[in-house]
Every structure is written in structure tokens, then in C-alpha cells.
Amino acid sequence: MTHLHRRSVVLMFPGTGAQHTQMAAGLYGHEAVFTDAVDSVLALLGTEGEAARADWLAERPAVPMEADIRSAPLLFAVDYAMGRLVESWGVRPAAYLGHSMGEFAAAVLAGVFRLDDAVRLLWKRVLRQRTTPAGGMLAVAAAREELTGYLGAGVVVGAVNAPRHTVLSGPEAPLDVVARRLTADGRTFRRLATRTPYHSPALAPLVAETEALIRKFPLAPPRTPLYSAYTTRPLGAREATGAAFWAGQPTAPVLFWPTLGRVLGDGDRLLVEAGPAQSLAVLARGHRAVRSGRSAVVAMLPPRVLGPEEDRRTVRAARELLLGQVPTADHSGRLPVELPAS
């Protein structure tokens with residue numbers, strides 16, 4: 001990779017579907033900043049946080065990672081902690097880009113939400129989601145325009161991840177019908193690891209209640225540009241501090257690909273995926289700005305669980321690349337968790 005010194009760093013944070021057993025667990029107790037940040041999130045959840053930590057570190061968790069009570073707090077904690085770890089090296093991102101839950105973690109790092117308020121909102125949504133009908137999401141290898149005939153009965157486009165990577169979301173029964181039709185039509189798809197129809201009207205009952213809660217929070221404009229995958233552009237102060245914007249996200253589609261295009265169109269970038277599974281890195285490598293060599297992609301963690309040493313090796317490699325290729329602030333070591341570094 002050439003000319004990395006000319007590229008500004010953008011931290012990318014994945015969302016639901018990226019979680020897996022023992023994701024980043026090899027860093028826990030090994031990287032102080034990461035450990036402190038994870039603990040700071042889980043401590044806010046009390047006994048629920050302790051149970052989540054136990055399942056996260058276990059080879060055979062008592063509650064599976066696809067359950068909302070595990071995937072939501074643990075994915076948020078890992079995304080947030082990975083962002084804090086990168087910034088503890090002195091790397092100062094030029095911008096953030098998150099996917100679904102990842103945008104929420106980015107908003108905390110950017111100073112929009114206080115950490116305790118964000119975790120409170122997160123858990124409120126988790127508990128409220130359990131009262132909505134079960135459903136799910138299907139990642140389909142097709143353009144959005146090709147799937148219009150499969151929509152309806154509550155099934156909608158939940159995310160546009162790439163030109164031929166579209167996610168459908170909806171309640172269980174109609175989504176099963178769509179899955180059978182996709183199979184019959186010979187289309188390639190996979191079911192994501194969630195039983196919740198994120199980014200669909202099925203979650204509309206959450207909006208009013210969570211908006212009322214968010215209105216109690218002291219929201220602030222982002223200190224660092226935060227590209228929203230719901231608007232495809234950097235958040236302005238009015239949007240970032242608007243309760244309605246954040247409350248409506250569970251029902252709105254994630255427009256990751258057009259947002260990524262905006263990010264890469266605004267400059268040559270070093271895209272750093274600060275989260276598990278490498279899902280965003282794989283998508284970003286398909287963009288022409290990356291294929292041409294103008295921008296580049298780095299993943300902070302392995303694509304799946306490969307053991308503690310592989311977690312550490314991947315992070316070490318990313319750290320060496322970042323510190324060798326981009327200007328950094330004169331800072332290292334343990335950061336105060338309650339004060340995001342950006």
C-alpha cells in the first residue's frame with residue numbers, strides 16, 4: 001500500500017450480524033485500554049453486564065450471541081473499546097462511519113452521547129424489542145432494484161451494503177415466505193444472526209418511548225465528523241442533537257454503500273474497521289476508490305474466532321501499520337474511560 005501518509009483515517013464500526021462467540025476476547029485482560037472500555041460499558045448494566053461478560057468469554061455461552069441481550073451490549077462494548085484502543089495509540093481519526101449499532105458506538109466516541117446515557121438507551125431498546133414480533137434479516141446477493149418484487153407484508157429493504165449486497169428485514173412468517181421464494185428463484189442469500197427485524201416497521205413501537213428518553217439526554221454536536229449511514233452525509237448539529245433522528249434509526253434503512261461512497265469521495269482514506277468479523281472491510285475493498293489504490297482498508301480483528309493470539313496478532317499488525325503510516329498525537333497508555341479521546 002503506497003502513499004498512506006496522505007490518507008486520513010476513518011474508523012468504521014460494524015453492526016448487528018458481526019457479533020460472534022469470543023469476538024476480540026483475546027484482547028480482554030491483555031490490552032488495558034480495551035479492557036477498561038469494555039468493563040465501563042458492562043458495569044453500567046450491573047448483573048446483566050456480568051452475565052454478558054461471562055458468555056462473551058465462554059467457549060459455549062449459556063445465552064447465544066445472536067440473542068439481543070448478548071449481541072447488543074457486547075457488540076456495542078467491543079466497537080466502543082476498539083475505537084478507544086486505536087485512539088489511545090495517538091491516532092486521531094478524521095471521521096467515523098458506523099453501520100447500524102456501529103453508528104451508535106461512533107456517536108459516543110464523537111461526543112454526541114455520554115457513555116452512560118448511550119448504554120441506558122441501548123438496554124431500553126433491548127428490553128422493548130422483546131415485546132415486538134420475532135423476525136429476522138436476509139442478506140441477498142442482489143441489487144436493491146432486483147428485490148422490489150419480494151417486498152411487502154412487512155418485509156422491507158433494511159440495508160444497502162454494496163451494489164449487489166442488500167439486506168431484507170421483516171417479521172418471521174413473511175420473511176420465511178421470502179426466503180422460500182429466493183430459494184426457488186435460485187438467488188443466493190443467508191440469514192443473519194439475529195431474530196429481530198432491525199430497520200423495519202416492525203420496530204416502530206420503540207420509537208416514541210425511546211424518543212422521550214433521548215430528550216432527557218444532553219446531546220452534543222460531533223467533535224469529529226460522523227458520517228451517518230441513514231442520511232449518507234456527515235451529521236450536522238441539528239440532526240446529531242435531535243432525539244427524533246436517533247429514536248427512528250431502528251425503523252430506517254442503513255445506506256452503507258452510498259455513505260461509504262461519500263466518505264471516499266471526500267478524500268483519500270485509510271479505512272480502519274474497529275470491530276469484529278471484517279464485514280465492513282470486505283465491502284469497502286470492493287469500492288473502486290480502494291481497488292484503484294487511492295484509499296486503503298485495514299481490519300483490526302480476525303474475520304472469525306481464531307483464538308486469543310490471533311486477536312492480538314491482528315491488532316499488533318494494525319497498530320504497526322497505523323503508527324508507521326499516519327501522523328499521530330503524542331499520547332499512549334491508559335485513557336480515562338469516561339472521556340472519549342477524540
# chains A, B, ... in the order shown; residues from 1 in each chain; ligands from 1
>>> select_by_dssp(residues="region 56-250 of chain A", states="helix (DSSP H, G or I)", output="ChimeraX atom specification")
/A:56-57,68-88,101-109,115-129,144-150,172-184,201-214,237-240,243-247,249-250
>>> residues_around(residues="Leu203 (chain A)", least_positions_apart="6", cutoff="10 Å", atoms="only C-alpha atoms", output="list in words")
Arg125, Arg128, Gln129, Thr131, Thr132, Pro133, Gly170, Pro171, Thr196, Pro197, Gly248, Gln249, Pro250, Thr251 and Ala252 of chain A
>>> residues_around(residues="Pro276 (chain A)", least_positions_apart="2", cutoff="9 Å", atoms="only C-alpha atoms", output="PDB file with N, CA, C and O atoms, in the first residue's frame")
ATOM      1  N   PHE A  13     -17.282   1.100  12.187  1.00  0.00           N
ATOM      2  CA  PHE A  13     -17.793   0.245  13.255  1.00  0.00           C
ATOM      3  C   PHE A  13     -18.956  -0.602  12.730  1.00  0.00           C
ATOM      4  O   PHE A  13     -19.961  -0.057  12.283  1.00  0.00           O
ATOM      5  N   PRO A  14     -18.828  -1.944  12.801  1.00  0.00           N
ATOM      6  CA  PRO A  14     -19.892  -2.810  12.293  1.00  0.00           C
ATOM      7  C   PRO A  14     -21.082  -2.890  13.233  1.00  0.00           C
ATOM      8  O   PRO A  14     -20.992  -2.541  14.411  1.00  0.00           O
ATOM      9  N   ALA A  18     -22.376  -8.867  12.942  1.00  0.00           N
ATOM     10  CA  ALA A  18     -20.920  -9.020  13.035  1.00  0.00           C
ATOM     11  C   ALA A  18     -20.511  -9.767  14.298  1.00  0.00           C
ATOM     12  O   ALA A  18     -19.394 -10.276  14.385  1.00  0.00           O
ATOM     13  N   GLN A  19     -21.419  -9.846  15.270  1.00  0.00           N
ATOM     14  CA  GLN A  19     -21.057 -10.467  16.552  1.00  0.00           C
ATOM     15  C   GLN A  19     -20.812 -11.961  16.383  1.00  0.00           C
ATOM     16  O   GLN A  19     -21.417 -12.618  15.535  1.00  0.00           O
ATOM     17  N   HIS A  20     -19.901 -12.491  17.180  1.00  0.00           N
ATOM     18  CA  HIS A  20     -19.690 -13.937  17.219  1.00  0.00           C
ATOM     19  C   HIS A  20     -19.067 -14.306  18.565  1.00  0.00           C
ATOM     20  O   HIS A  20     -18.569 -13.446  19.300  1.00  0.00           O
ATOM     21  N   MET A  23     -15.633 -12.846  20.312  1.00  0.00           N
ATOM     22  CA  MET A  23     -15.089 -11.793  19.448  1.00  0.00           C
ATOM     23  C   MET A  23     -14.196 -10.874  20.271  1.00  0.00           C
ATOM     24  O   MET A  23     -14.601 -10.352  21.304  1.00  0.00           O
ATOM     25  N   ALA A  24     -12.958 -10.698  19.832  1.00  0.00           N
ATOM     26  CA  ALA A  24     -11.982  -9.808  20.483  1.00  0.00           C
ATOM     27  C   ALA A  24     -11.630 -10.215  21.901  1.00  0.00           C
ATOM     28  O   ALA A  24     -10.942  -9.468  22.603  1.00  0.00           O
ATOM     29  N   LEU A  75     -21.616  -6.267  21.328  1.00  0.00           N
ATOM     30  CA  LEU A  75     -21.122  -5.654  20.089  1.00  0.00           C
ATOM     31  C   LEU A  75     -20.849  -4.171  20.297  1.00  0.00           C
ATOM     32  O   LEU A  75     -19.823  -3.647  19.849  1.00  0.00           O
ATOM     33  N   VAL A  78     -17.573  -3.909  22.333  1.00  0.00           N
ATOM     34  CA  VAL A  78     -16.368  -4.205  21.548  1.00  0.00           C
ATOM     35  C   VAL A  78     -16.092  -3.084  20.546  1.00  0.00           C
ATOM     36  O   VAL A  78     -14.941  -2.642  20.398  1.00  0.00           O
ATOM     37  N   ASP A  79     -17.114  -2.614  19.850  1.00  0.00           N
ATOM     38  CA  ASP A  79     -16.915  -1.495  18.913  1.00  0.00           C
ATOM     39  C   ASP A  79     -16.333  -0.283  19.644  1.00  0.00           C
ATOM     40  O   ASP A  79     -15.335   0.314  19.209  1.00  0.00           O
ATOM     41  N   GLU A 273     -11.428  -0.799  10.135  1.00  0.00           N
ATOM     42  CA  GLU A 273     -12.593  -1.414  10.761  1.00  0.00           C
ATOM     43  C   GLU A 273     -12.263  -1.748  12.204  1.00  0.00           C
ATOM     44  O   GLU A 273     -11.458  -2.639  12.481  1.00  0.00           O
ATOM     45  N   ALA A 274     -12.889  -1.034  13.119  1.00  0.00           N
ATOM     46  CA  ALA A 274     -12.641  -1.200  14.555  1.00  0.00           C
ATOM     47  C   ALA A 274     -13.758  -2.015  15.171  1.00  0.00           C
ATOM     48  O   ALA A 274     -14.590  -1.513  15.932  1.00  0.00           O
ATOM     49  N   GLN A 278     -14.756  -8.284  10.222  1.00  0.00           N
ATOM     50  CA  GLN A 278     -14.238  -7.739   8.959  1.00  0.00           C
ATOM     51  C   GLN A 278     -15.317  -7.553   7.889  1.00  0.00           C
ATOM     52  O   GLN A 278     -15.014  -7.447   6.691  1.00  0.00           O
ATOM     53  N   SER A 279     -16.579  -7.512   8.268  1.00  0.00           N
ATOM     54  CA  SER A 279     -17.653  -7.393   7.278  1.00  0.00           C
ATOM     55  C   SER A 279     -17.585  -6.086   6.503  1.00  0.00           C
ATOM     56  O   SER A 279     -17.770  -6.062   5.275  1.00  0.00           O
ATOM     57  N   ALA A 299      -8.248  -4.065   8.754  1.00  0.00           N
ATOM     58  CA  ALA A 299      -9.146  -4.678   9.740  1.00  0.00           C
ATOM     59  C   ALA A 299      -8.388  -4.869  11.046  1.00  0.00           C
ATOM     60  O   ALA A 299      -7.255  -5.339  11.051  1.00  0.00           O
ATOM     61  N   MET A 300      -9.032  -4.520  12.150  1.00  0.00           N
ATOM     62  CA  MET A 300      -8.386  -4.598  13.463  1.00  0.00           C
ATOM     63  C   MET A 300      -8.484  -5.972  14.101  1.00  0.00           C
ATOM     64  O   MET A 300      -7.725  -6.291  15.021  1.00  0.00           O
ATOM     65  N   LEU A 301      -9.437  -6.793  13.651  1.00  0.00           N
ATOM     66  CA  LEU A 301      -9.681  -8.095  14.265  1.00  0.00           C
ATOM     67  C   LEU A 301      -9.820  -9.165  13.187  1.00  0.00           C
ATOM     68  O   LEU A 301     -10.118  -8.851  12.033  1.00  0.00           O
ATOM     69  N   PRO A 302      -9.631 -10.432  13.547  1.00  0.00           N
ATOM     70  CA  PRO A 302      -9.801 -11.519  12.575  1.00  0.00           C
ATOM     71  C   PRO A 302     -11.251 -11.613  12.086  1.00  0.00           C
ATOM     72  O   PRO A 302     -12.169 -11.096  12.727  1.00  0.00           O
ATOM     73  N   PRO A 303     -11.481 -12.298  10.968  1.00  0.00           N
ATOM     74  CA  PRO A 303     -12.837 -12.410  10.425  1.00  0.00           C
ATOM     75  C   PRO A 303     -13.755 -13.314  11.246  1.00  0.00           C
ATOM     76  O   PRO A 303     -14.971 -13.260  11.106  1.00  0.00           O
ATOM     77  N   ARG A 304     -13.193 -14.154  12.092  1.00  0.00           N
ATOM     78  CA  ARG A 304     -13.973 -15.068  12.930  1.00  0.00           C
ATOM     79  C   ARG A 304     -13.094 -15.449  14.119  1.00  0.00           C
ATOM     80  O   ARG A 304     -11.920 -15.079  14.164  1.00  0.00           O
TER      81      ARG A 304
END
>>> closest_residue(among="A:Pro218, A:Trp257, A:Ala277, A:Ala51", to="Ala143 (chain A)", atoms="only C-alpha atoms")
A:Trp257
>>> residues_around(residues="Ala72 (chain A)", least_positions_apart="2", cutoff="12 Å", atoms="only C-alpha atoms", output="ChimeraX atom specification")
/A:14-20,41-42,45,49,52,56,64-70,74-79,100-102,104-105,118-127,129,193-194,196,198
>>> select_by_dssp(residues="region 70-223 of chain A", states="strand (DSSP E)", output="JSON, numbers by chain")
{"A": [95, 96, 97, 98, 135, 136, 137, 138, 139, 140, 156, 157, 158, 159, 160, 161, 162, 165, 166, 167, 168, 169, 170, 171, 189, 190, 191]}
>>> closest_residue(among="A:Thr210, A:Ser228, A:Thr148, A:Ser295", to="Arg6 (chain A)", atoms="only C-alpha atoms")
A:Ser295
>>> closest_residue(among="A:Leu11, A:Leu109, A:Leu270, A:Leu115", to="Ala43 (chain A)", atoms="only C-alpha atoms")
A:Leu115
>>> decode(residues="region 115-259 of chain A", atoms="C-alpha atoms", output="PDB file, in the first residue's frame")
ATOM      1  CA  LEU A 115     -21.481   6.668  27.605  1.00  0.00           C
ATOM      2  CA  ASP A 116     -23.903   6.078  30.480  1.00  0.00           C
ATOM      3  CA  ASP A 117     -26.799   7.589  28.525  1.00  0.00           C
ATOM      4  CA  ALA A 118     -25.956   5.513  25.464  1.00  0.00           C
ATOM      5  CA  VAL A 119     -25.901   2.269  27.443  1.00  0.00           C
ATOM      6  CA  ARG A 120     -29.159   3.182  29.151  1.00  0.00           C
ATOM      7  CA  LEU A 121     -30.797   3.750  25.751  1.00  0.00           C
ATOM      8  CA  LEU A 122     -29.271   0.579  24.341  1.00  0.00           C
ATOM      9  CA  TRP A 123     -30.658  -1.586  27.123  1.00  0.00           C
ATOM     10  CA  LYS A 124     -34.060   0.110  26.973  1.00  0.00           C
ATOM     11  CA  ARG A 125     -34.268  -0.856  23.309  1.00  0.00           C
ATOM     12  CA  VAL A 126     -33.157  -4.418  24.005  1.00  0.00           C
ATOM     13  CA  LEU A 127     -35.894  -4.917  26.579  1.00  0.00           C
ATOM     14  CA  ARG A 128     -38.523  -3.201  24.443  1.00  0.00           C
ATOM     15  CA  GLN A 129     -37.601  -5.261  21.379  1.00  0.00           C
ATOM     16  CA  ARG A 130     -38.545  -8.414  23.270  1.00  0.00           C
ATOM     17  CA  THR A 131     -42.176  -7.274  23.169  1.00  0.00           C
ATOM     18  CA  THR A 132     -42.221  -6.956  19.357  1.00  0.00           C
ATOM     19  CA  PRO A 133     -42.926  -9.875  16.992  1.00  0.00           C
ATOM     20  CA  ALA A 134     -39.989 -12.128  16.155  1.00  0.00           C
ATOM     21  CA  GLY A 135     -38.420 -11.738  12.746  1.00  0.00           C
ATOM     22  CA  GLY A 136     -35.043 -11.531  11.137  1.00  0.00           C
ATOM     23  CA  MET A 137     -32.879 -10.337   8.264  1.00  0.00           C
ATOM     24  CA  LEU A 138     -31.715 -11.884   4.988  1.00  0.00           C
ATOM     25  CA  ALA A 139     -28.537 -10.759   3.214  1.00  0.00           C
ATOM     26  CA  VAL A 140     -29.191 -11.222  -0.515  1.00  0.00           C
ATOM     27  CA  ALA A 141     -26.628 -11.156  -3.323  1.00  0.00           C
ATOM     28  CA  ALA A 142     -28.675  -8.779  -5.458  1.00  0.00           C
ATOM     29  CA  ALA A 143     -29.139  -5.091  -6.157  1.00  0.00           C
ATOM     30  CA  ARG A 144     -31.887  -3.287  -4.300  1.00  0.00           C
ATOM     31  CA  GLU A 145     -33.806  -2.756  -7.540  1.00  0.00           C
ATOM     32  CA  GLU A 146     -33.908  -6.506  -8.216  1.00  0.00           C
ATOM     33  CA  LEU A 147     -35.731  -7.230  -4.976  1.00  0.00           C
ATOM     34  CA  THR A 148     -38.788  -4.983  -5.215  1.00  0.00           C
ATOM     35  CA  GLY A 149     -40.966  -7.993  -6.082  1.00  0.00           C
ATOM     36  CA  TYR A 150     -40.080  -9.646  -2.784  1.00  0.00           C
ATOM     37  CA  LEU A 151     -41.165  -6.727  -0.617  1.00  0.00           C
ATOM     38  CA  GLY A 152     -44.452  -6.394   1.219  1.00  0.00           C
ATOM     39  CA  ALA A 153     -46.303  -7.814   4.234  1.00  0.00           C
ATOM     40  CA  GLY A 154     -43.811  -6.010   6.468  1.00  0.00           C
ATOM     41  CA  VAL A 155     -40.695  -7.148   4.586  1.00  0.00           C
ATOM     42  CA  VAL A 156     -38.587  -4.147   3.547  1.00  0.00           C
ATOM     43  CA  VAL A 157     -35.063  -3.260   2.489  1.00  0.00           C
ATOM     44  CA  GLY A 158     -33.195  -2.967   5.785  1.00  0.00           C
ATOM     45  CA  ALA A 159     -29.748  -2.176   4.415  1.00  0.00           C
ATOM     46  CA  VAL A 160     -27.895  -1.414   1.197  1.00  0.00           C
ATOM     47  CA  ASN A 161     -24.373  -2.651   1.883  1.00  0.00           C
ATOM     48  CA  ALA A 162     -22.921  -2.858  -1.634  1.00  0.00           C
ATOM     49  CA  PRO A 163     -24.135  -2.776  -5.251  1.00  0.00           C
ATOM     50  CA  ARG A 164     -25.116  -6.455  -5.009  1.00  0.00           C
ATOM     51  CA  HIS A 165     -25.486  -6.862  -1.252  1.00  0.00           C
ATOM     52  CA  THR A 166     -28.941  -5.955   0.011  1.00  0.00           C
ATOM     53  CA  VAL A 167     -30.478  -6.912   3.345  1.00  0.00           C
ATOM     54  CA  LEU A 168     -34.188  -7.637   3.656  1.00  0.00           C
ATOM     55  CA  SER A 169     -35.848  -7.361   7.053  1.00  0.00           C
ATOM     56  CA  GLY A 170     -39.234  -8.263   8.415  1.00  0.00           C
ATOM     57  CA  PRO A 171     -41.430 -10.389  10.673  1.00  0.00           C
ATOM     58  CA  GLU A 172     -40.838 -14.146  10.842  1.00  0.00           C
ATOM     59  CA  ALA A 173     -43.692 -15.545   8.757  1.00  0.00           C
ATOM     60  CA  PRO A 174     -43.483 -13.223   5.736  1.00  0.00           C
ATOM     61  CA  LEU A 175     -39.684 -13.352   5.834  1.00  0.00           C
ATOM     62  CA  ASP A 176     -39.834 -17.149   5.653  1.00  0.00           C
ATOM     63  CA  VAL A 177     -42.062 -16.833   2.590  1.00  0.00           C
ATOM     64  CA  VAL A 178     -39.491 -14.515   1.005  1.00  0.00           C
ATOM     65  CA  ALA A 179     -36.689 -16.960   1.844  1.00  0.00           C
ATOM     66  CA  ARG A 180     -38.540 -19.766   0.096  1.00  0.00           C
ATOM     67  CA  ARG A 181     -39.147 -17.586  -2.953  1.00  0.00           C
ATOM     68  CA  LEU A 182     -35.494 -16.569  -3.100  1.00  0.00           C
ATOM     69  CA  THR A 183     -34.503 -20.232  -2.962  1.00  0.00           C
ATOM     70  CA  ALA A 184     -36.976 -21.151  -5.689  1.00  0.00           C
ATOM     71  CA  ASP A 185     -35.657 -18.319  -7.856  1.00  0.00           C
ATOM     72  CA  GLY A 186     -32.078 -19.500  -7.423  1.00  0.00           C
ATOM     73  CA  ARG A 187     -30.936 -16.391  -5.580  1.00  0.00           C
ATOM     74  CA  THR A 188     -28.022 -16.540  -3.145  1.00  0.00           C
ATOM     75  CA  PHE A 189     -28.760 -15.341   0.378  1.00  0.00           C
ATOM     76  CA  ARG A 190     -28.022 -16.054   4.016  1.00  0.00           C
ATOM     77  CA  ARG A 191     -29.890 -15.389   7.215  1.00  0.00           C
ATOM     78  CA  LEU A 192     -28.142 -13.002   9.592  1.00  0.00           C
ATOM     79  CA  ALA A 193     -27.525 -13.963  13.200  1.00  0.00           C
ATOM     80  CA  THR A 194     -30.473 -12.120  14.700  1.00  0.00           C
ATOM     81  CA  ARG A 195     -34.101 -12.848  15.482  1.00  0.00           C
ATOM     82  CA  THR A 196     -35.035  -9.168  15.427  1.00  0.00           C
ATOM     83  CA  PRO A 197     -36.228  -7.422  12.228  1.00  0.00           C
ATOM     84  CA  TYR A 198     -33.974  -4.390  12.571  1.00  0.00           C
ATOM     85  CA  HIS A 199     -34.523  -1.428  10.260  1.00  0.00           C
ATOM     86  CA  SER A 200     -38.119  -2.322   9.510  1.00  0.00           C
ATOM     87  CA  PRO A 201     -41.571  -1.003  10.529  1.00  0.00           C
ATOM     88  CA  ALA A 202     -41.853  -3.936  12.979  1.00  0.00           C
ATOM     89  CA  LEU A 203     -39.816  -1.870  15.440  1.00  0.00           C
ATOM     90  CA  ALA A 204     -41.995   1.237  15.160  1.00  0.00           C
ATOM     91  CA  PRO A 205     -43.432   0.678  18.674  1.00  0.00           C
ATOM     92  CA  LEU A 206     -39.981   1.521  20.079  1.00  0.00           C
ATOM     93  CA  VAL A 207     -39.770   4.990  18.567  1.00  0.00           C
ATOM     94  CA  ALA A 208     -41.999   7.170  20.761  1.00  0.00           C
ATOM     95  CA  GLU A 209     -40.779   5.673  24.037  1.00  0.00           C
ATOM     96  CA  THR A 210     -37.102   5.947  23.175  1.00  0.00           C
ATOM     97  CA  GLU A 211     -37.510   9.443  21.757  1.00  0.00           C
ATOM     98  CA  ALA A 212     -38.919  10.568  25.099  1.00  0.00           C
ATOM     99  CA  LEU A 213     -35.911   9.042  26.845  1.00  0.00           C
ATOM    100  CA  ILE A 214     -33.383  10.624  24.470  1.00  0.00           C
ATOM    101  CA  ARG A 215     -34.919  14.060  25.057  1.00  0.00           C
ATOM    102  CA  LYS A 216     -33.614  13.796  28.625  1.00  0.00           C
ATOM    103  CA  PHE A 217     -30.023  13.384  27.450  1.00  0.00           C
ATOM    104  CA  PRO A 218     -27.560  16.274  26.958  1.00  0.00           C
ATOM    105  CA  LEU A 219     -26.680  15.554  23.315  1.00  0.00           C
ATOM    106  CA  ALA A 220     -23.826  17.497  21.693  1.00  0.00           C
ATOM    107  CA  PRO A 221     -22.664  18.071  18.103  1.00  0.00           C
ATOM    108  CA  PRO A 222     -19.926  15.637  17.000  1.00  0.00           C
ATOM    109  CA  ARG A 223     -16.382  16.718  17.864  1.00  0.00           C
ATOM    110  CA  THR A 224     -15.153  14.686  14.895  1.00  0.00           C
ATOM    111  CA  PRO A 225     -17.142  14.335  11.634  1.00  0.00           C
ATOM    112  CA  LEU A 226     -19.615  11.476  11.911  1.00  0.00           C
ATOM    113  CA  TYR A 227     -20.946  10.156   8.607  1.00  0.00           C
ATOM    114  CA  SER A 228     -24.433   8.792   9.107  1.00  0.00           C
ATOM    115  CA  ALA A 229     -25.425   5.717   7.131  1.00  0.00           C
ATOM    116  CA  TYR A 230     -29.024   6.864   7.480  1.00  0.00           C
ATOM    117  CA  THR A 231     -28.502  10.225   5.746  1.00  0.00           C
ATOM    118  CA  THR A 232     -25.360   9.333   3.689  1.00  0.00           C
ATOM    119  CA  ARG A 233     -23.566  12.506   4.840  1.00  0.00           C
ATOM    120  CA  PRO A 234     -21.833  13.966   7.902  1.00  0.00           C
ATOM    121  CA  LEU A 235     -24.254  14.732  10.704  1.00  0.00           C
ATOM    122  CA  GLY A 236     -24.983  18.382  11.292  1.00  0.00           C
ATOM    123  CA  ALA A 237     -25.540  19.776  14.764  1.00  0.00           C
ATOM    124  CA  ARG A 238     -29.328  19.784  14.435  1.00  0.00           C
ATOM    125  CA  GLU A 239     -29.529  16.126  13.397  1.00  0.00           C
ATOM    126  CA  ALA A 240     -26.941  14.960  15.909  1.00  0.00           C
ATOM    127  CA  THR A 241     -28.745  16.607  18.817  1.00  0.00           C
ATOM    128  CA  GLY A 242     -32.240  15.680  17.643  1.00  0.00           C
ATOM    129  CA  ALA A 243     -33.968  12.944  19.633  1.00  0.00           C
ATOM    130  CA  ALA A 244     -36.201  12.014  16.682  1.00  0.00           C
ATOM    131  CA  PHE A 245     -33.179  11.199  14.498  1.00  0.00           C
ATOM    132  CA  TRP A 246     -31.732   8.650  16.937  1.00  0.00           C
ATOM    133  CA  ALA A 247     -35.100   7.231  18.004  1.00  0.00           C
ATOM    134  CA  GLY A 248     -36.080   6.494  14.405  1.00  0.00           C
ATOM    135  CA  GLN A 249     -32.972   4.529  13.472  1.00  0.00           C
ATOM    136  CA  PRO A 250     -34.355   1.047  14.278  1.00  0.00           C
ATOM    137  CA  THR A 251     -37.031   1.566  11.596  1.00  0.00           C
ATOM    138  CA  ALA A 252     -34.863   3.239   8.922  1.00  0.00           C
ATOM    139  CA  PRO A 253     -32.735   1.508   6.254  1.00  0.00           C
ATOM    140  CA  VAL A 254     -28.942   1.522   6.597  1.00  0.00           C
ATOM    141  CA  LEU A 255     -27.465   3.041   3.424  1.00  0.00           C
ATOM    142  CA  PHE A 256     -23.897   1.933   3.997  1.00  0.00           C
ATOM    143  CA  TRP A 257     -22.720   1.764   0.391  1.00  0.00           C
ATOM    144  CA  PRO A 258     -23.794   5.266  -0.691  1.00  0.00           C
ATOM    145  CA  THR A 259     -22.422   6.627   2.589  1.00  0.00           C
TER     146      THR A 259
END
